[in-house]
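What follows is the content of input.pdb, which has PDB, C-alpha atoms and all ligand atoms:
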ATOM      1  CA  MET A  13      -7.006 -38.592   3.948
ATOM      2  CA  PRO A  14      -3.790 -36.653   4.689
ATOM      3  CA  THR A  15      -4.035 -33.893   7.296
ATOM      4  CA  THR A  16      -4.669 -30.411   5.919
ATOM      5  CA  LYS A  17      -1.717 -28.192   6.791
ATOM      6  CA  ILE A  18      -1.698 -24.400   7.088
ATOM      7  CA  PHE A  19       1.477 -22.294   7.183
ATOM      8  CA  VAL A  20       1.253 -18.749   8.545
ATOM      9  CA  THR A  21       4.388 -16.854   7.484
ATOM     10  CA  ARG A  22       4.459 -14.292  10.358
ATOM     11  CA  ILE A  23       2.972 -13.908  13.822
ATOM     12  CA  ILE A  24      -0.323 -12.131  13.190
ATOM     13  CA  HIS A  25      -2.887 -10.650  15.590
ATOM     14  CA  LYS A  26      -3.698 -13.034  18.456
ATOM     15  CA  ASP A  27      -7.431 -12.985  17.731
ATOM     16  CA  ALA A  28      -6.758 -14.137  14.178
ATOM     17  CA  LEU A  29      -4.456 -16.939  15.315
ATOM     18  CA  ASP A  30      -7.031 -17.978  17.946
ATOM     19  CA  LEU A  31      -9.710 -18.123  15.259
ATOM     20  CA  LEU A  32      -7.523 -20.322  13.074
ATOM     21  CA  GLN A  33      -6.575 -22.557  16.021
ATOM     22  CA  ARG A  34     -10.225 -23.047  17.032
ATOM     23  CA  GLU A  35     -11.237 -24.102  13.549
ATOM     24  CA  ALA A  36      -8.117 -26.219  13.140
ATOM     25  CA  LYS A  37      -8.982 -28.124  16.317
ATOM     26  CA  GLN A  38     -12.476 -28.850  15.061
ATOM     27  CA  HIS A  39     -11.320 -30.073  11.664
ATOM     28  CA  SER A  40      -7.999 -31.643  12.684
ATOM     29  CA  TRP A  41      -5.995 -29.237  10.558
ATOM     30  CA  GLU A  42      -2.356 -28.575  11.428
ATOM     31  CA  ILE A  43      -1.114 -25.004  11.825
ATOM     32  CA  LYS A  44       2.494 -23.873  11.734
ATOM     33  CA  VAL A  45       3.453 -20.245  12.389
ATOM     34  CA  TRP A  46       6.846 -18.747  11.406
ATOM     35  CA  PRO A  47       7.964 -17.599  14.857
ATOM     36  CA  HIS A  48      10.648 -15.039  13.978
ATOM     37  CA  SER A  49      10.374 -11.274  13.811
ATOM     38  CA  LEU A  50      11.984 -11.161  10.351
ATOM     39  CA  PRO A  51      10.240 -12.756   7.364
ATOM     40  CA  PRO A  52      11.430 -16.109   6.022
ATOM     41  CA  SER A  53      13.998 -15.847   3.228
ATOM     42  CA  PRO A  54      12.901 -17.290  -0.149
ATOM     43  CA  LEU A  55      14.773 -20.505   0.679
ATOM     44  CA  GLU A  56      13.211 -20.748   4.141
ATOM     45  CA  LEU A  57       9.768 -20.063   2.690
ATOM     46  CA  ARG A  58      10.255 -22.809   0.134
ATOM     47  CA  ARG A  59      11.352 -25.252   2.828
ATOM     48  CA  GLU A  60       8.658 -24.330   5.365
ATOM     49  CA  ALA A  61       5.759 -24.274   2.892
ATOM     50  CA  GLN A  62       6.479 -27.804   1.593
ATOM     51  CA  GLY A  63       3.493 -30.110   1.870
ATOM     52  CA  HIS A  64       1.042 -27.391   2.920
ATOM     53  CA  GLN A  65      -2.435 -26.918   1.417
ATOM     54  CA  ALA A  66      -2.895 -23.367   2.712
ATOM     55  CA  LEU A  67      -0.557 -20.403   3.129
ATOM     56  CA  LEU A  68      -1.318 -17.212   5.031
ATOM     57  CA  THR A  69       1.218 -14.851   3.479
ATOM     58  CA  MET A  70       2.535 -11.294   3.803
ATOM     59  CA  ILE A  71       3.589  -8.691   1.246
ATOM     60  CA  THR A  72       7.177  -9.621   2.129
ATOM     61  CA  ASP A  73       6.704 -13.183   0.791
ATOM     62  CA  ARG A  74       7.437 -13.593  -2.913
ATOM     63  CA  ILE A  75       5.115 -16.279  -4.233
ATOM     64  CA  ASP A  76       6.391 -16.828  -7.756
ATOM     65  CA  GLN A  77       6.031 -19.529 -10.368
ATOM     66  CA  ASP A  78       9.181 -21.302  -9.216
ATOM     67  CA  LEU A  79       7.887 -21.562  -5.648
ATOM     68  CA  LEU A  80       4.428 -22.683  -6.782
ATOM     69  CA  ASP A  81       6.047 -25.420  -8.920
ATOM     70  CA  ARG A  82       7.546 -26.807  -5.726
ATOM     71  CA  LEU A  83       4.261 -26.806  -3.802
ATOM     72  CA  PRO A  84       1.977 -29.251  -5.641
ATOM     73  CA  GLU A  85      -0.309 -29.699  -2.595
ATOM     74  CA  LEU A  86      -1.089 -25.980  -2.319
ATOM     75  CA  LYS A  87      -4.770 -25.057  -2.754
ATOM     76  CA  VAL A  88      -5.209 -21.641  -1.187
ATOM     77  CA  ILE A  89      -3.182 -18.517  -0.431
ATOM     78  CA  ALA A  90      -4.632 -15.844   1.860
ATOM     79  CA  ASN A  91      -2.557 -12.679   1.580
ATOM     80  CA  HIS A  92      -2.574 -10.515   4.729
ATOM     81  CA  ALA A  93      -2.831  -7.382   2.540
ATOM     82  CA  VAL A  94      -5.077  -5.755   0.008
ATOM     83  CA  GLY A  95      -2.297  -5.712  -2.602
ATOM     84  CA  VAL A  96      -1.403  -9.054  -4.139
ATOM     85  CA  ASP A  97       1.555  -8.025  -6.299
ATOM     86  CA  ASN A  98       3.827 -10.342  -4.273
ATOM     87  CA  ILE A  99       1.954 -13.287  -5.791
ATOM     88  CA  ASP A 100       2.172 -14.475  -9.397
ATOM     89  CA  LEU A 101      -1.593 -14.573  -9.900
ATOM     90  CA  LYS A 102      -1.463 -16.139 -13.353
ATOM     91  CA  ALA A 103       0.753 -18.962 -12.127
ATOM     92  CA  ALA A 104      -1.568 -19.512  -9.135
ATOM     93  CA  ASP A 105      -4.625 -19.540 -11.384
ATOM     94  CA  LYS A 106      -3.015 -22.024 -13.772
ATOM     95  CA  ARG A 107      -2.524 -24.413 -10.872
ATOM     96  CA  GLY A 108      -6.079 -23.892  -9.589
ATOM     97  CA  ILE A 109      -4.846 -22.147  -6.429
ATOM     98  CA  ALA A 110      -7.319 -19.641  -4.979
ATOM     99  CA  VAL A 111      -5.931 -16.316  -3.744
ATOM    100  CA  GLY A 112      -7.611 -14.136  -1.104
ATOM    101  CA  ASN A 113      -6.828 -10.616   0.116
ATOM    102  CA  THR A 114      -8.040  -8.147   2.779
ATOM    103  CA  PRO A 115      -9.820  -5.106   1.314
ATOM    104  CA  ASP A 116     -12.351  -2.988   3.258
ATOM    105  CA  VAL A 117     -10.546  -3.283   6.596
ATOM    106  CA  LEU A 118      -7.526  -1.037   5.966
ATOM    107  CA  THR A 119      -9.040   1.672   3.785
ATOM    108  CA  ALA A 120      -9.473   4.256   6.548
ATOM    109  CA  ALA A 121      -6.059   3.577   8.094
ATOM    110  CA  THR A 122      -4.275   3.937   4.760
ATOM    111  CA  ALA A 123      -6.253   6.996   3.660
ATOM    112  CA  GLU A 124      -5.537   8.629   7.042
ATOM    113  CA  LEU A 125      -1.818   8.098   6.534
ATOM    114  CA  GLY A 126      -2.185   9.577   3.047
ATOM    115  CA  LEU A 127      -3.787  12.683   4.501
ATOM    116  CA  LEU A 128      -1.140  12.890   7.202
ATOM    117  CA  LEU A 129       1.747  12.636   4.720
ATOM    118  CA  THR A 130       0.135  15.143   2.362
ATOM    119  CA  MET A 131      -0.432  17.664   5.147
ATOM    120  CA  ALA A 132       3.063  17.122   6.566
ATOM    121  CA  LEU A 133       4.529  17.663   3.101
ATOM    122  CA  LEU A 134       2.627  20.835   2.232
ATOM    123  CA  ARG A 135       3.085  22.380   5.681
ATOM    124  CA  ASN A 136       6.746  21.259   5.788
ATOM    125  CA  LEU A 137       6.256  19.619   9.161
ATOM    126  CA  PRO A 138       9.668  17.866   9.410
ATOM    127  CA  ALA A 139      11.505  21.200   9.001
ATOM    128  CA  ALA A 140       9.211  22.938  11.506
ATOM    129  CA  ILE A 141       9.698  20.208  14.127
ATOM    130  CA  SER A 142      13.420  20.165  13.579
ATOM    131  CA  LYS A 143      13.605  23.965  13.842
ATOM    132  CA  ALA A 144      11.875  23.916  17.227
ATOM    133  CA  LYS A 145      13.750  20.906  18.587
ATOM    134  CA  THR A 146      17.206  22.105  17.561
ATOM    135  CA  ASN A 147      16.878  25.500  19.197
ATOM    136  CA  GLN A 148      16.537  27.309  15.862
ATOM    137  CA  TRP A 149      13.156  28.890  16.607
ATOM    138  CA  GLY A 150      14.478  32.436  16.908
ATOM    139  CA  ALA A 151      11.982  35.261  16.630
ATOM    140  CA  TRP A 152       8.533  34.638  15.176
ATOM    141  CA  GLY A 153       8.167  36.513  11.873
ATOM    142  CA  PRO A 154       5.206  37.276   9.615
ATOM    143  CA  LEU A 155       7.078  36.038   6.560
ATOM    144  CA  LEU A 156       8.871  33.089   8.135
ATOM    145  CA  ASP A 157       8.129  29.385   7.735
ATOM    146  CA  LEU A 158       5.469  29.952   5.069
ATOM    147  CA  THR A 159       3.982  26.840   3.525
ATOM    148  CA  VAL A 160       0.993  25.761   1.415
ATOM    149  CA  GLN A 161      -2.592  25.858   2.732
ATOM    150  CA  LEU A 162      -4.513  22.764   1.623
ATOM    151  CA  GLY A 163      -8.086  24.065   1.557
ATOM    152  CA  GLY A 164     -10.667  25.914   3.634
ATOM    153  CA  MET A 165     -13.701  28.158   3.242
ATOM    154  CA  GLU A 166     -11.791  31.430   3.583
ATOM    155  CA  PRO A 167     -10.514  33.519   0.674
ATOM    156  CA  ALA A 168      -7.741  31.493  -0.956
ATOM    157  CA  ASP A 169      -5.087  32.570  -3.430
ATOM    158  CA  ASN A 170      -4.361  29.735  -5.874
ATOM    159  CA  PRO A 171      -5.616  26.833  -3.727
ATOM    160  CA  PRO A 172      -3.857  23.605  -4.728
ATOM    161  CA  LEU A 173      -5.482  20.919  -6.853
ATOM    162  CA  PHE A 174      -5.114  17.420  -5.423
ATOM    163  CA  GLY A 175      -4.934  14.775  -8.138
ATOM    164  CA  ILE A 176      -5.868  11.299  -6.964
ATOM    165  CA  TYR A 177      -4.306   8.778  -9.343
ATOM    166  CA  GLY A 178      -6.544   5.713  -8.891
ATOM    167  CA  MET A 179     -10.010   6.099  -7.422
ATOM    168  CA  GLY A 180     -10.379   2.721  -5.700
ATOM    169  CA  ARG A 181     -11.360   2.355  -2.059
ATOM    170  CA  ILE A 182      -8.318   4.138  -0.627
ATOM    171  CA  GLY A 183      -8.284   6.839  -3.306
ATOM    172  CA  GLN A 184     -11.953   7.578  -2.702
ATOM    173  CA  SER A 185     -11.579   7.641   1.056
ATOM    174  CA  LEU A 186      -8.683  10.108   0.876
ATOM    175  CA  ALA A 187     -10.441  12.208  -1.786
ATOM    176  CA  ARG A 188     -13.494  12.426   0.504
ATOM    177  CA  MET A 189     -11.349  13.547   3.456
ATOM    178  CA  LEU A 190      -9.738  16.243   1.307
ATOM    179  CA  ALA A 191     -12.929  17.430  -0.402
ATOM    180  CA  LEU A 192     -15.316  17.353   2.573
ATOM    181  CA  GLY A 193     -12.972  17.581   5.549
ATOM    182  CA  LEU A 194     -10.665  20.261   4.191
ATOM    183  CA  GLN A 195     -12.824  21.749   1.405
ATOM    184  CA  ALA A 196      -9.862  21.183  -0.890
ATOM    185  CA  ASN A 197     -10.036  20.967  -4.679
ATOM    186  CA  VAL A 198      -9.933  17.370  -5.818
ATOM    187  CA  ALA A 199      -9.576  15.778  -9.236
ATOM    188  CA  TYR A 200      -8.965  12.129 -10.056
ATOM    189  CA  THR A 201      -8.306   9.688 -12.797
ATOM    190  CA  ASN A 202      -9.465   6.145 -13.110
ATOM    191  CA  THR A 203      -9.169   3.506 -15.814
ATOM    192  CA  HIS A 204     -12.956   3.071 -15.833
ATOM    193  CA  GLY A 205     -13.742   6.761 -16.437
ATOM    194  CA  PRO A 206     -15.802   9.126 -14.264
ATOM    195  CA  LEU A 207     -17.594   7.586 -11.273
ATOM    196  CA  ASN A 208     -21.208   8.618 -10.929
ATOM    197  CA  ASN A 209     -21.742   7.542  -7.317
ATOM    198  CA  LEU A 210     -19.328   9.868  -5.514
ATOM    199  CA  ASN A 211     -20.932  11.738  -2.625
ATOM    200  CA  PHE A 212     -18.362  14.532  -2.605
ATOM    201  CA  PRO A 213     -17.070  16.989  -5.202
ATOM    202  CA  ALA A 214     -14.242  15.678  -7.389
ATOM    203  CA  THR A 215     -13.556  16.218 -11.071
ATOM    204  CA  TRP A 216     -12.571  13.353 -13.358
ATOM    205  CA  LEU A 217      -9.637  14.094 -15.669
ATOM    206  CA  ALA A 218      -7.872  11.900 -18.212
ATOM    207  CA  SER A 219      -4.539  10.756 -16.777
ATOM    208  CA  GLU A 220      -2.397  13.124 -18.898
ATOM    209  CA  GLU A 221      -4.526  16.074 -17.846
ATOM    210  CA  LEU A 222      -4.378  15.050 -14.191
ATOM    211  CA  LEU A 223      -0.577  14.958 -14.385
ATOM    212  CA  ALA A 224      -0.457  18.374 -16.048
ATOM    213  CA  LYS A 225      -2.956  20.087 -13.726
ATOM    214  CA  SER A 226      -2.342  18.614 -10.259
ATOM    215  CA  ASP A 227      -0.396  20.548  -7.671
ATOM    216  CA  VAL A 228      -0.239  17.427  -5.542
ATOM    217  CA  LEU A 229      -0.341  14.031  -7.250
ATOM    218  CA  ILE A 230      -1.318  11.170  -4.936
ATOM    219  CA  VAL A 231      -0.811   7.615  -6.201
ATOM    220  CA  THR A 232      -3.304   5.003  -5.015
ATOM    221  CA  ILE A 233      -3.289   2.413  -7.826
ATOM    222  CA  PRO A 234      -2.307  -1.215  -7.359
ATOM    223  CA  SER A 235       0.956  -2.477  -8.783
ATOM    224  CA  ASN A 236       0.500  -4.995 -11.575
ATOM    225  CA  PRO A 237       2.223  -5.705 -14.897
ATOM    226  CA  ASN A 238       0.308  -2.782 -16.493
ATOM    227  CA  THR A 239       1.157  -0.180 -13.855
ATOM    228  CA  LYS A 240       4.667  -1.139 -12.689
ATOM    229  CA  GLY A 241       7.130   1.666 -13.468
ATOM    230  CA  LEU A 242       4.360   4.051 -14.540
ATOM    231  CA  PHE A 243       5.862   7.024 -12.705
ATOM    232  CA  ASN A 244       9.161   7.104 -14.577
ATOM    233  CA  GLN A 245      11.176  10.183 -15.503
ATOM    234  CA  ASP A 246       9.001  10.897 -18.582
ATOM    235  CA  THR A 247       5.741  10.701 -16.656
ATOM    236  CA  LEU A 248       7.045  12.636 -13.663
ATOM    237  CA  LYS A 249       8.315  15.438 -15.905
ATOM    238  CA  LYS A 250       4.724  16.035 -17.003
ATOM    239  CA  LEU A 251       3.973  17.249 -13.485
ATOM    240  CA  LYS A 252       3.967  21.022 -12.997
ATOM    241  CA  VAL A 253       7.127  22.694 -11.805
ATOM    242  CA  GLY A 254       6.589  23.030  -8.050
ATOM    243  CA  ALA A 255       4.251  20.024  -7.807
ATOM    244  CA  TYR A 256       4.290  17.505  -4.958
ATOM    245  CA  PHE A 257       4.283  13.717  -5.404
ATOM    246  CA  VAL A 258       2.855  11.253  -2.858
ATOM    247  CA  ASN A 259       2.912   7.441  -3.214
ATOM    248  CA  LEU A 260       0.784   5.361  -0.846
ATOM    249  CA  ALA A 261       0.534   2.255  -2.999
ATOM    250  CA  ARG A 262       3.682   0.399  -4.077
ATOM    251  CA  GLY A 263       7.285   1.505  -4.523
ATOM    252  CA  ASP A 264       7.760  -0.240  -7.851
ATOM    253  CA  LEU A 265       5.255   2.162  -9.412
ATOM    254  CA  HIS A 266       7.850   4.958  -9.266
ATOM    255  CA  ASP A 267      11.432   5.508 -10.376
ATOM    256  CA  GLU A 268      13.061   6.729  -7.189
ATOM    257  CA  ASP A 269      16.205   8.099  -8.878
ATOM    258  CA  ALA A 270      13.965  10.158 -11.167
ATOM    259  CA  LEU A 271      12.108  11.498  -8.129
ATOM    260  CA  TYR A 272      15.424  12.404  -6.529
ATOM    261  CA  ARG A 273      16.666  14.160  -9.684
ATOM    262  CA  LEU A 274      13.427  16.123 -10.029
ATOM    263  CA  LEU A 275      13.649  17.190  -6.373
ATOM    264  CA  GLU A 276      17.248  18.294  -6.880
ATOM    265  CA  ALA A 277      16.285  20.223 -10.027
ATOM    266  CA  GLU A 278      13.461  21.877  -8.020
ATOM    267  CA  HIS A 279      10.973  20.569 -10.552
ATOM    268  CA  LEU A 280       9.260  18.812  -7.640
ATOM    269  CA  ALA A 281       8.674  20.818  -4.462
ATOM    270  CA  GLY A 282       8.384  17.726  -2.296
ATOM    271  CA  VAL A 283       7.875  13.982  -2.248
ATOM    272  CA  ALA A 284       6.179  11.799   0.369
ATOM    273  CA  LEU A 285       6.490   8.035   0.107
ATOM    274  CA  ASP A 286       5.047   5.355   2.359
ATOM    275  CA  VAL A 287       6.431   2.834  -0.112
ATOM    276  CA  THR A 288       9.908   2.854  -1.606
ATOM    277  CA  ASN A 289      11.784   1.187  -4.422
ATOM    278  CA  PRO A 290      13.360  -1.034  -3.176
ATOM    279  CA  GLU A 291      12.016  -1.919   0.287
ATOM    280  CA  PRO A 292      13.141  -1.857   2.979
ATOM    281  CA  ALA A 293      14.710   1.531   2.232
ATOM    282  CA  THR A 294      18.286   2.098   3.321
ATOM    283  CA  LEU A 295      20.473   5.156   2.852
ATOM    284  CA  GLY A 296      22.761   3.200   0.522
ATOM    285  CA  ARG A 297      20.011   1.991  -1.793
ATOM    286  CA  ASN A 298      17.449   4.810  -1.490
ATOM    287  CA  PRO A 299      19.262   8.178  -1.632
ATOM    288  CA  ILE A 300      15.881   9.949  -1.465
ATOM    289  CA  LEU A 301      15.756   9.041   2.263
ATOM    290  CA  SER A 302      18.193  11.835   3.025
ATOM    291  CA  HIS A 303      16.629  14.469   0.772
ATOM    292  CA  PRO A 304      15.403  17.389   2.905
ATOM    293  CA  ARG A 305      12.211  17.737   0.872
ATOM    294  CA  ALA A 306      11.287  14.049   1.034
ATOM    295  CA  ILE A 307       9.180  12.490   3.787
ATOM    296  CA  ILE A 308       9.553   8.716   3.902
ATOM    297  CA  THR A 309       7.666   6.286   6.152
ATOM    298  CA  PRO A 310       8.308   2.518   6.322
ATOM    299  CA  HIS A 311       5.186   1.124   4.580
ATOM    300  CA  ILE A 312       2.854   1.821   7.504
ATOM    301  CA  GLY A 313      -0.390   2.626   5.654
ATOM    302  CA  SER A 314      -2.367  -0.136   7.361
ATOM    303  CA  ALA A 315      -0.343  -0.112  10.583
ATOM    304  CA  THR A 316      -3.090   0.582  13.107
ATOM    305  CA  THR A 317      -3.969  -2.044  15.702
ATOM    306  CA  ASN A 318      -7.532  -2.034  14.421
ATOM    307  CA  ALA A 319      -6.669  -2.527  10.747
ATOM    308  CA  ARG A 320      -4.055  -5.215  11.456
ATOM    309  CA  ARG A 321      -6.458  -7.124  13.711
ATOM    310  CA  HIS A 322      -9.126  -7.104  11.031
ATOM    311  CA  MET A 323      -6.604  -7.980   8.305
ATOM    312  CA  GLY A 324      -5.567 -10.967  10.425
ATOM    313  CA  LEU A 325      -9.157 -12.037  11.021
ATOM    314  CA  LEU A 326     -10.104 -11.661   7.353
ATOM    315  CA  SER A 327      -7.098 -13.564   6.052
ATOM    316  CA  ALA A 328      -7.768 -16.342   8.588
ATOM    317  CA  GLN A 329     -11.417 -16.393   7.516
ATOM    318  CA  ASN A 330     -10.387 -16.585   3.854
ATOM    319  CA  ILE A 331      -8.471 -19.780   4.605
ATOM    320  CA  ILE A 332     -11.136 -21.282   6.872
ATOM    321  CA  ASN A 333     -13.972 -20.676   4.432
ATOM    322  CA  TYR A 334     -11.986 -21.913   1.473
ATOM    323  CA  LEU A 335     -11.003 -25.130   3.238
ATOM    324  CA  LYS A 336     -14.602 -25.702   4.341
ATOM    325  CA  SER A 337     -16.547 -24.644   1.257
ATOM    326  CA  LYS A 338     -14.160 -23.342  -1.426
ATOM    327  CA  GLN A 339     -15.737 -19.875  -0.953
ATOM    328  CA  MET A 340     -13.750 -16.980   0.486
ATOM    329  CA  PRO A 341     -15.111 -13.706   1.836
ATOM    330  CA  HIS A 342     -12.508 -11.978  -0.373
ATOM    331  CA  GLN A 343     -11.176 -13.949  -3.288
ATOM    332  CA  VAL A 344      -9.024 -12.081  -5.819
ATOM    333  CA  LYS A 345     -10.520 -12.179  -9.301
ATOM    334  CA  ILE A 346      -7.754 -13.037 -11.705
ATOM    335  CA  ALA A 347      -8.056 -11.236 -15.035
ATOM    336  CA  LEU A 348      -6.002 -13.200 -17.568
TER     337      LEU A 348
HETATM  338  C1  LIG A 401      -0.323  -3.065   2.091
HETATM  339  O1  LIG A 401       0.490  -2.510   1.444
HETATM  340  C2  LIG A 401      -1.410  -3.818   1.556
HETATM  341  O2  LIG A 401      -1.467  -4.039   0.334
HETATM  342  O3  LIG A 401      -2.262  -4.222   2.342
END
For the file at hand, write its structure as structure tokens.
Ligand code: GLV
Amino acid sequence: MPTTKIFVTRIIHKDALDLLQREAKQHSWEIKVWPHSLPPSPLELRREAQGHQALLTMITDRIDQDLLDRLPELKVIANHAVGVDNIDLKAADKRGIAVGNTPDVLTAATAELGLLLTMALLRNLPAAISKAKTNQWGAWGPLLDLTVQLGGMEPADNPPLFGIYGMGRIGQSLARMLALGLQANVAYTNTHGPLNNLNFPATWLASEELLAKSDVLIVTIPSNPNTKGLFNQDTLKKLKVGAYFVNLARGDLHDEDALYRLLEAEHLAGVALDVTNPEPATLGRNPILSHPRAIITPHIGSATTNARRHMGLLSAQNIINYLKSKQMPHQVKIAL
């Protein structure tokens, strides 16, 4: 029987690589790890993945039909991410290739970043830091630097409504932080309708109503053929004048030029993006980077040591279990 070969497309957490190496030794599998700090180009990926049965991939690897056609030996792909939009799932399914992902180990990290971005946006943190650091502090004043309070138990004039667009794991975790941690007003929308097992206050609204009523819209849906481009100019214009927009999920869900135009027109008060369209963001391709009312971070939702270690371990385990028993701890269900 030919040796089973595994290709890992980036250097992942040491504990995850050790786990793979240990199992590989026992079963005489071969492991190859892409050693560079930048991801392989599509051509390099195609060349390096040749003849492999298993791939441990990143969101930066495009696994499309054309690539899969060139990898007839491939049996399993373990994506080191919860999102799997970098993989053509239908094409994988057609070829009988199993796809795994890493939910339940990055929920807290990503929701925490969502809270951080939302708070930084509403309290205008970048401007406050810059004011202090550039010697612009001047005299303190009772009507200076005023921003938006998120929640609290004290008397509140017009407290904002946070609209969570997509109440999956990350959406729920962030909604819980807002509702219980900050006593903020939370509403959400979900394709499956109201959830009856939430242990915190949050009101379900149909998507159109959520867009119309939210003061802060926070996007936490996956990108797939049904959701790509959902937040285009028409959708974004349904937001209130003075609303804030936060995207924690995928950049291709939003039209970034439309966001920029709506910021310029003061229709949107602020935008926070951990994901951009395209990525990586550069000043030339993503003008929103330089907008004073936009906070942009470089896709760091899951970037804690803890989450990345567990993502590494889970993606390694997905490959190991599949190769041993065709069962993965987290196999993506492909809805055709
Ligand atoms: C990150 O974006 C992920 O999907 O895990």
Please identify the residues whose atoms come within 8 Å of ligand LIG 401 (chain A), using only C-alpha atoms and all ligand atoms, and report them as a list in words.
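Checking only C-alpha atoms and all ligand atoms against ligand LIG 401 (chain A) at 8 Å gives Ile71, His92, Ala93, Val94, Gly95, Val96, Thr114, Pro115, Leu118, Ala261, Arg262, His311, Ile312, Gly313 and Ser314 of chain A.
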Let me make sure I understand: among A:Val160, A:Leu229, A:Met179, A:Ile18, which one has the smallest atom-to-atom distance to Gly205 in chain A if we use all atoms listed in the file?
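The shortest atom-to-atom distance to Gly205 in chain A comes from A:Met179.
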Give me the result of the PyMOL selection byres (((chain A and resi 124) around 10) and not hetatm) on this file, residue by residue, as a ChimeraX atom specification.
/A:118-123,125-130,182,185-186,189,313-314
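Applied to the file shown here, the PyMOL selection byres (((chain A and resi 339-348) around 7) and not hetatm) selects A:Leu101, A:Lys102, A:Val111, A:Gly112, A:Asn113, A:Thr114, A:Asn330, A:Asn333, A:Tyr334, A:Ser337, A:Lys338.
You will find CA of Thr309 in chain A at 15.1 Å from CA of Ile230 in chain A.
Nearest to Ala66 in chain A of all the residues A:Lys17, A:Arg297, A:Arg22, A:Arg305 is A:Lys17, based on all atoms listed in the file.
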Taking the file as shown, find all residues satisfying the PyMOL selection byres (((chain A and resi 248) around 12) and not hetatm) and write them as a VMD selection string.
chain A and resid 220 222 to 224 226 228 to 229 231 241 to 247 249 to 258 265 to 275 279 to 280 283
One number please: CA of Leu190 in chain A to CA of Asn318 in chain A, in Å, one decimal.
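Answer for the CA of Leu190 in chain A to CA of Asn318 in chain A separation: 22.6 Å.
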